[in-house]
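Engineer: Here it is, the structure in full.
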Amino acid sequence: MAGWLGDPRRAALLTDFDGTLAPIVVDPEAAVPLPASLPVLADLAGSLGVVAVVSGRPVRFLRQRLAGVAERLVLVGLYGLEWAEQGA
């Protein structure tokens with residue numbers, strides 16, 4: 001923790017989408033992030049060196065659901081087969 005507190009730009013946070021940022025739902029296309037998760041991700045992306053969402057979902061899906069903050073995150077989709085960062 002001392003490294004995070006001393007220099008948070010050297011820290012990284014990785015999270016999943018389903019079951020972490022969004023509740024598990026019966027219809028996978030109906031999954032949306034919890035309302036508070038987007039502002040928290042935005043705050044963390046402004047403080048930490050890397051904030052990433054790693055998911056089995058395609059990057060396209062993550063960009064849609066995380067609109068407004070996705071361009072500040074690293075998005076890893078299809079369990080690592082797709083990768084996007086800084087809006088690319």
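Residue names in the structure tokens use chain letters A, B, ... in the order shown, residue numbers from 1 in each chain, and ligand numbers from 1 in the order shown.
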Using only C-alpha atoms, which residues sit within 8 Å of Arg9 (chain A) once same-chain residues fewer than 3 positions away are excluded, as a PyMOL selection string?
Structural biologist: chain A and resi 4+12+47-50
Engineer: Name all residues at most 9 Å from region 28-36 of chain A (count only C-alpha atoms; drop same-chain ones fewer than 3 positions away) and give them as a CSV table (one decimal) with C-alpha atoms, in the first residue's frame.
Structural biologist:
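File around.csv, as written:
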```
chain,number,residue,atom,x,y,z
A,17,PHE,CA,-17.5,-6.1,-16.0
A,18,ASP,CA,-20.2,-8.7,-15.2
A,20,THR,CA,-18.4,-6.4,-10.5
A,21,LEU,CA,-19.3,-3.2,-12.4
A,22,ALA,CA,-22.7,-4.6,-13.5
A,23,PRO,CA,-25.0,-7.1,-11.9
A,24,ILE,CA,-25.3,-10.6,-13.4
A,25,VAL,CA,-28.5,-10.7,-15.5
A,39,PRO,CA,-17.9,8.1,-11.8
A,40,VAL,CA,-15.7,5.9,-9.6
A,41,LEU,CA,-13.9,4.6,-12.7
A,61,PHE,CA,-19.7,-4.0,-25.9
A,65,ARG,CA,-21.7,0.2,-21.8
A,66,LEU,CA,-18.9,2.3,-20.4
```
Engineer: Work out how far apart CA of Gly6 (chain A) and CA of Ala42 (chain A) are and give it in Å to one decimal.
Structural biologist: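 Here the two named atoms are 20.4 Å from each other.
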Engineer: Return the single residue from A:Leu44, A:Val76, A:Leu81, A:Val51 that is closest to Arg63 (chain A), with distances computed using only C-alpha atoms.
Structural biologist: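 Among A:Leu44, A:Val76, A:Leu81, A:Val51, it is A:Val76 that comes nearest to Arg63 (chain A).
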Engineer: Where does DSSP see helix (DSSP H, G or I) in chain A, if you list the residues as a PyMOL selection string?
Structural biologist: chain A and resi 2-6+8-10+28-30+37-47+59-65+70-72+78-80
Engineer: Deliver the residues from the most recent selection as a file, using N, CA and C atoms, as a compact mmCIF listing (two decimals), in the first residue's frame.
Structural biologist:
```txt
# COMPACT_ATOMS: atom_id res chain seq x y z
N ALA A 2 2.04 1.18 0.54
CA ALA A 2 2.89 2.37 0.59
C ALA A 2 3.19 2.90 -0.81
N GLY A 3 3.39 1.99 -1.77
CA GLY A 3 3.65 2.41 -3.15
C GLY A 3 2.47 3.13 -3.75
N TRP A 4 1.27 2.62 -3.51
CA TRP A 4 0.05 3.28 -4.02
C TRP A 4 -0.10 4.67 -3.41
N LEU A 5 0.08 4.72 -2.12
CA LEU A 5 -0.12 6.00 -1.43
C LEU A 5 0.97 7.01 -1.79
N GLY A 6 2.19 6.53 -1.96
CA GLY A 6 3.29 7.43 -2.28
C GLY A 6 3.29 7.90 -3.72
N PRO A 8 0.53 7.07 -6.67
CA PRO A 8 -0.58 6.33 -7.26
C PRO A 8 -0.49 6.19 -8.78
N ARG A 9 0.28 7.01 -9.46
CA ARG A 9 0.42 6.89 -10.91
C ARG A 9 1.18 5.62 -11.30
N ARG A 10 1.82 4.97 -10.33
CA ARG A 10 2.51 3.71 -10.59
C ARG A 10 1.62 2.50 -10.30
N PRO A 28 -27.70 -11.43 -21.29
CA PRO A 28 -26.40 -10.76 -21.29
C PRO A 28 -26.41 -9.39 -21.98
N GLU A 29 -27.24 -9.21 -22.99
CA GLU A 29 -27.31 -7.92 -23.68
C GLU A 29 -27.96 -6.84 -22.82
N ALA A 30 -28.64 -7.22 -21.75
CA ALA A 30 -29.31 -6.26 -20.87
C ALA A 30 -28.39 -5.77 -19.75
N SER A 37 -20.75 3.21 -10.65
CA SER A 37 -19.47 2.67 -11.11
C SER A 37 -18.76 3.58 -12.11
N LEU A 38 -19.48 4.26 -12.99
CA LEU A 38 -18.81 5.10 -13.99
C LEU A 38 -18.08 6.29 -13.36
N PRO A 39 -18.68 7.04 -12.43
CA PRO A 39 -17.93 8.12 -11.81
C PRO A 39 -16.71 7.63 -11.02
N VAL A 40 -16.86 6.47 -10.39
CA VAL A 40 -15.72 5.92 -9.63
C VAL A 40 -14.59 5.55 -10.59
N LEU A 41 -14.92 4.89 -11.70
CA LEU A 41 -13.89 4.56 -12.69
C LEU A 41 -13.22 5.82 -13.22
N ALA A 42 -13.99 6.86 -13.49
CA ALA A 42 -13.42 8.11 -13.98
C ALA A 42 -12.47 8.71 -12.96
N ASP A 43 -12.86 8.72 -11.70
CA ASP A 43 -11.98 9.25 -10.65
C ASP A 43 -10.69 8.45 -10.55
N LEU A 44 -10.83 7.13 -10.56
CA LEU A 44 -9.64 6.27 -10.46
C LEU A 44 -8.74 6.43 -11.68
N ALA A 45 -9.33 6.55 -12.87
CA ALA A 45 -8.53 6.73 -14.09
C ALA A 45 -7.73 8.02 -14.04
N GLY A 46 -8.25 9.01 -13.34
CA GLY A 46 -7.52 10.27 -13.20
C GLY A 46 -6.44 10.23 -12.14
N SER A 47 -6.45 9.20 -11.31
CA SER A 47 -5.49 9.12 -10.20
C SER A 47 -4.45 8.02 -10.37
N VAL A 59 -14.67 -5.86 -26.85
CA VAL A 59 -14.34 -4.47 -26.54
C VAL A 59 -15.47 -3.54 -26.99
N ARG A 60 -16.08 -3.83 -28.14
CA ARG A 60 -17.20 -3.02 -28.65
C ARG A 60 -18.30 -2.90 -27.60
N PHE A 61 -18.66 -4.00 -26.97
CA PHE A 61 -19.69 -4.00 -25.92
C PHE A 61 -19.25 -3.14 -24.75
N LEU A 62 -18.00 -3.32 -24.31
CA LEU A 62 -17.50 -2.55 -23.17
C LEU A 62 -17.51 -1.05 -23.47
N ARG A 63 -17.10 -0.67 -24.68
CA ARG A 63 -17.12 0.75 -25.06
C ARG A 63 -18.54 1.32 -24.96
N GLN A 64 -19.52 0.56 -25.44
CA GLN A 64 -20.91 1.02 -25.40
C GLN A 64 -21.40 1.18 -23.97
N ARG A 65 -21.16 0.20 -23.15
CA ARG A 65 -21.69 0.22 -21.78
C ARG A 65 -20.92 1.19 -20.88
N ALA A 70 -14.94 5.16 -21.07
CA ALA A 70 -14.18 4.11 -21.77
C ALA A 70 -12.89 4.64 -22.37
N GLU A 71 -12.91 5.87 -22.86
CA GLU A 71 -11.71 6.42 -23.50
C GLU A 71 -10.58 6.67 -22.51
N ARG A 72 -10.85 6.59 -21.22
CA ARG A 72 -9.83 6.78 -20.19
C ARG A 72 -9.34 5.46 -19.61
N LEU A 78 -12.81 -10.30 -24.78
CA LEU A 78 -12.68 -11.69 -25.22
C LEU A 78 -11.50 -12.38 -24.53
N TYR A 79 -11.41 -12.16 -23.23
CA TYR A 79 -10.39 -12.78 -22.37
C TYR A 79 -8.97 -12.53 -22.87
N GLY A 80 -8.74 -11.34 -23.41
CA GLY A 80 -7.40 -10.96 -23.82
C GLY A 80 -7.16 -10.97 -25.32
```
Engineer: To one decimal place, how far is CA of Asp7 (chain A) from CA of Ala67 (chain A) in Å?
Structural biologist: 27.9 Å
Engineer: Between A:Asp16, A:Ala11, A:Trp83, A:Val53, single out the one closest to Val69 (chain A), counting only C-alpha atoms.
Structural biologist: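 Once distances to Val69 (chain A) are computed over only C-alpha atoms, the minimum belongs to A:Val53.
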Engineer: My list of candidates is A:Ala52, A:Glu82, A:Pro58, A:Leu73. Which is closest to Leu14 (chain A) when distances are computed with only C-alpha atoms?
Structural biologist: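 The closest residue to Leu14 (chain A) is A:Ala52.
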